[in-house]
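S.K.: Quick one: the structure is below, and I'll ask about it shortly.
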Amino acid sequence: MGTFELISKHGNHEQVVFCHDPSVGLKAIIAIHNTSLGPALGGTRMWNYKNEEEALVDVLRLSKGMTYKAAAAGLNLGGGKAVIIGDPKKDKSEGLFRAFGQFVNSLNGRYITAEDVGTNVTDMEHIFMETPWVTGIPKGFGGSGDPSPYTAHGVLMGIKAAAKEKFGTDSLKGLKVAVQGLGNVGSNLVKYLIEEGAKTVVADIDQGRVKMMHDQFGCEVSNPDAILTVECDIFAPCALGAVVNDNTITKLKTKVIAGGANNVLAEARHGDQLRELGILYTPDYVINAGGLMNVFVELEGYSPDRAFDKTRKVYDNCMKVFEIAKRDNIGTHVAADRLAEERITTIGRLKQRHPGKSSRAFSTLREVYNR
Ligand code: NAD
């Protein structure tokens with residue numbers, strides 16, 4: 001399939017930039033999907049793609065996902081993403097990331113990058129030497145640091161919204177929550193859940209993490225294979241994607257699914273099936289947007305308190321999704337897309353007619369925050 005055909009097939013992106021600098025071995029693609037709401041923000045993934053077409057399809061798919069995530073989160077951001085073709089264990093160098101930073105800079109703020117799979121804070125520092133259009137830089141440079149506590153707090157807000165929708169109250173006191181995965185997001189979430197008075201049952205393939213949570217909070221422990229089938233009020237996936245699939249869906253013994261993991265549904269049809277089973281699904285990219293909210297605050301001039309406060313919005317966003325699902329008689333996974341699309345259409349049109357404060361905010365970023 002030709003390049004333009006591929007672009008049309010994967011979401012009609014506004015701009016796709018191929019970045020090539022043989023002197024440092026750089027082959028990268030930046031995809032800007034949609035900037036109706038603001039500049040396109042999304043991380044840079046470094047991956048040993050089999051071929052260039054695989055890299056292109058990945059960046060097109062991921063950048064479109066960012067448009068929906070930012071729109072549903074209520075942020076003045078569009079969707080973009082970048083991929084660098086190469087092995088993150090072998091092919092990294094200062095020159096590579098600085099050359100990439102120059103390409104990002106050439107877009108003059110239409111695309112803002114961040115960390116993703118295969119890239120880290122050091123790589124962002126190198127990009128930052130060439131462009132201000134990067135987030136996730138170290139705290140010393142005005143960055144926001146680890147996003148996980150903010151993601152986890154947003155997830156807690158989403159869980160409370162789901163509880164309100166399903167059980168009529170957003171108090172989690174006495175509810176049993178099964179948490180799969182006790183990494184950066186899961187461990188912070190458990191702490192918040194305990195503070196809310198929830199009963200937790202936890203699992204991780206890393207027994208050290210399980211022991212830590214058990215010793216610290218007295219959590220009930222489950223086998224990693226059994227956590228999906230634990231009888232509970234809320235199942236919070238915080239590890240892998242595709243946990244709701246043909247093999248697991250009929251074995252679930254929960255009333256709600258609400259967690260931090262990306263791509264929880266193996267396929268969209270599993271969202272419809274959850275609805276038929278009476279299990280309330282809280283769409284992944286709506287409930288796990290706290291980390292994105294955190295980097296957005298970095299763009300405004302970072303304040304941890306403001307970032308924390310912003311993640312409370314996840315509650316309202318999830319409630320909106322549940323409302324749309326009822327209004328249009330559709331699954332919540334489809335309702336999330338509809339929430340994003342409605343906002344892009346309404347606010348995007350408004351901004352075209354009267355570019356207001358939000359449109360100007362980023363163009364003055366360099367001057368205001370001296371980045
Ligand atoms: P992490 O790598 O820190 O933690 C993942 C944990 O899951 C690890 O402790 C791992 O041992 C465990 N795990 C892996 N396979 C498992 C299995 N089969 N059963 C039980 N546990 C298993 O990752 P994280 O940053 O906490 O992210 C967790 C999820 O949330 C991922 O899907 C990620 O894409 C998503 N997410 C994270 C953020 C963030 O801010 N970190 C933001 C948005 C979405």
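Residues in the structure tokens are named by chain (A, B, ... in the order shown) and by number from 1 within that chain; ligands are numbered from 1 in the order shown.
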What residues of the protein or nucleic acid chains come within 7 Å of ligand 1 when you use only C-alpha atoms and all ligand atoms? Reply as number ranges by chain.
M.R.: A: 147-148, 150-151, 180-186, 203-206, 209, 224-225, 238-241, 260-262, 288-289, 291
S.K.: When you look at Glu54 of chain A with a cut-off of 12 Å (counting only C-alpha atoms), what residues show up, excluding the ones that are within fewer than 5 positions of it in the same chain? I need them as a PDB file with N, CA, C and O atoms, in the first residue's frame.
M.R.:
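To be explicit, this is the file written out as around05.pdb:
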ATOM      1  N   MET A   1       0.852  -1.205   0.000  1.00  0.00           N
ATOM      2  CA  MET A   1       0.000   0.000   0.000  1.00  0.00           C
ATOM      3  C   MET A   1       0.889   1.257   0.000  1.00  0.00           C
ATOM      4  O   MET A   1       1.908   1.287   0.687  1.00  0.00           O
ATOM      5  N   THR A   3       2.147   5.206   0.630  1.00  0.00           N
ATOM      6  CA  THR A   3       2.208   5.986   1.875  1.00  0.00           C
ATOM      7  C   THR A   3       0.927   6.799   2.093  1.00  0.00           C
ATOM      8  O   THR A   3       0.356   6.796   3.184  1.00  0.00           O
ATOM      9  N   LEU A   6      -1.932   4.627   3.074  1.00  0.00           N
ATOM     10  CA  LEU A   6      -1.813   4.195   4.473  1.00  0.00           C
ATOM     11  C   LEU A   6      -2.283   5.302   5.418  1.00  0.00           C
ATOM     12  O   LEU A   6      -2.979   5.059   6.392  1.00  0.00           O
ATOM     13  N   ILE A  29       9.758   9.134  12.322  1.00  0.00           N
ATOM     14  CA  ILE A  29       8.533   9.665  11.708  1.00  0.00           C
ATOM     15  C   ILE A  29       7.741  10.383  12.802  1.00  0.00           C
ATOM     16  O   ILE A  29       7.539   9.839  13.893  1.00  0.00           O
ATOM     17  N   TRP A  47      11.835   1.939  18.762  1.00  0.00           N
ATOM     18  CA  TRP A  47      11.519   0.518  18.641  1.00  0.00           C
ATOM     19  C   TRP A  47      12.209  -0.058  17.417  1.00  0.00           C
ATOM     20  O   TRP A  47      12.340   0.634  16.406  1.00  0.00           O
ATOM     21  N   ASN A  48      12.612  -1.293  17.518  1.00  0.00           N
ATOM     22  CA  ASN A  48      13.281  -1.974  16.408  1.00  0.00           C
ATOM     23  C   ASN A  48      12.227  -2.513  15.435  1.00  0.00           C
ATOM     24  O   ASN A  48      12.001  -3.722  15.371  1.00  0.00           O
ATOM     25  N   TYR A  49      11.585  -1.637  14.690  1.00  0.00           N
ATOM     26  CA  TYR A  49      10.509  -2.069  13.790  1.00  0.00           C
ATOM     27  C   TYR A  49      11.063  -2.974  12.701  1.00  0.00           C
ATOM     28  O   TYR A  49      12.200  -2.782  12.238  1.00  0.00           O
ATOM     29  N   VAL A  59       2.927   4.723  14.210  1.00  0.00           N
ATOM     30  CA  VAL A  59       2.871   6.144  14.566  1.00  0.00           C
ATOM     31  C   VAL A  59       1.521   6.756  14.171  1.00  0.00           C
ATOM     32  O   VAL A  59       0.991   7.631  14.872  1.00  0.00           O
ATOM     33  N   LEU A  60       0.932   6.260  13.087  1.00  0.00           N
ATOM     34  CA  LEU A  60      -0.388   6.777  12.675  1.00  0.00           C
ATOM     35  C   LEU A  60      -1.447   6.380  13.705  1.00  0.00           C
ATOM     36  O   LEU A  60      -2.285   7.184  14.119  1.00  0.00           O
ATOM     37  N   ARG A  61      -1.376   5.122  14.128  1.00  0.00           N
ATOM     38  CA  ARG A  61      -2.352   4.583  15.084  1.00  0.00           C
ATOM     39  C   ARG A  61      -2.211   5.281  16.446  1.00  0.00           C
ATOM     40  O   ARG A  61      -3.188   5.740  17.032  1.00  0.00           O
ATOM     41  N   VAL A  83       7.932   8.137  16.178  1.00  0.00           N
ATOM     42  CA  VAL A  83       8.676   6.891  16.367  1.00  0.00           C
ATOM     43  C   VAL A  83      10.081   7.059  15.803  1.00  0.00           C
ATOM     44  O   VAL A  83      10.272   7.717  14.774  1.00  0.00           O
ATOM     45  N   ILE A  84      11.040   6.502  16.523  1.00  0.00           N
ATOM     46  CA  ILE A  84      12.417   6.447  16.019  1.00  0.00           C
ATOM     47  C   ILE A  84      12.694   4.974  15.726  1.00  0.00           C
ATOM     48  O   ILE A  84      12.455   4.111  16.589  1.00  0.00           O
ATOM     49  N   ILE A  85      13.142   4.695  14.523  1.00  0.00           N
ATOM     50  CA  ILE A  85      13.409   3.308  14.142  1.00  0.00           C
ATOM     51  C   ILE A  85      14.816   2.941  14.623  1.00  0.00           C
ATOM     52  O   ILE A  85      15.799   3.566  14.210  1.00  0.00           O
TER      53      ILE A  85
END
S.K.: With only C-alpha atoms as the basis for distance, which of A:Val179, A:Ala55, A:Ala268, A:Val155 is at the shortest distance from Val230 of chain A?
M.R.: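 Using only C-alpha atoms, Val230 of chain A sits closest to A:Val179.
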S.K.: Which of segment 170-283 of chain A counts as alpha helix (DSSP H) under DSSP, as a PyMOL selection string please?
M.R.: chain A and resi 184-195+207-217+268-277
S.K.: Please extract the residues of segment 64-103 of chain A with a backbone DSSP assignment of strand (DSSP E) and present them as a PyMOL selection string.
M.R.: chain A and resi 78-85
S.K.: Would you list the contacts of Ser23 of chain A as a PyMOL selection string, taking every protein, DNA or RNA residue within 12 Å and counting only C-alpha atoms, but skipping same-chain residues closer than 6 positions in sequence?
M.R.: chain A and resi 93+95-96+98-100
S.K.: Distance atom CA of His214 of chain A-atom CA of Val190 of chain A, one decimal place?
M.R.: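 Answer for the atom CA of His214 of chain A to atom CA of Val190 of chain A separation: 10.4 Å.
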S.K.: Write out as a PDB file with N, CA, C and O atoms, in the first residue's frame which residues come within 7 Å of Pro138 of chain A when counting only C-alpha atoms, dropping same-chain ones fewer than 6 positions away.
M.R.:
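Just written: out_4.pdb:
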ATOM      1  N   VAL A 121      14.230   9.884  30.371  1.00  0.00           N
ATOM      2  CA  VAL A 121      14.397  11.287  30.721  1.00  0.00           C
ATOM      3  C   VAL A 121      15.715  11.854  30.153  1.00  0.00           C
ATOM      4  O   VAL A 121      15.775  13.021  29.755  1.00  0.00           O
ATOM      5  N   SER A 144       8.025  17.814  35.056  1.00  0.00           N
ATOM      6  CA  SER A 144       7.046  17.329  36.020  1.00  0.00           C
ATOM      7  C   SER A 144       7.434  15.995  36.656  1.00  0.00           C
ATOM      8  O   SER A 144       6.745  15.519  37.548  1.00  0.00           O
ATOM      9  N   GLY A 145       8.519  15.367  36.179  1.00  0.00           N
ATOM     10  CA  GLY A 145       8.951  14.106  36.803  1.00  0.00           C
ATOM     11  C   GLY A 145       8.012  12.949  36.507  1.00  0.00           C
ATOM     12  O   GLY A 145       7.287  12.966  35.523  1.00  0.00           O
TER      13      GLY A 145
END
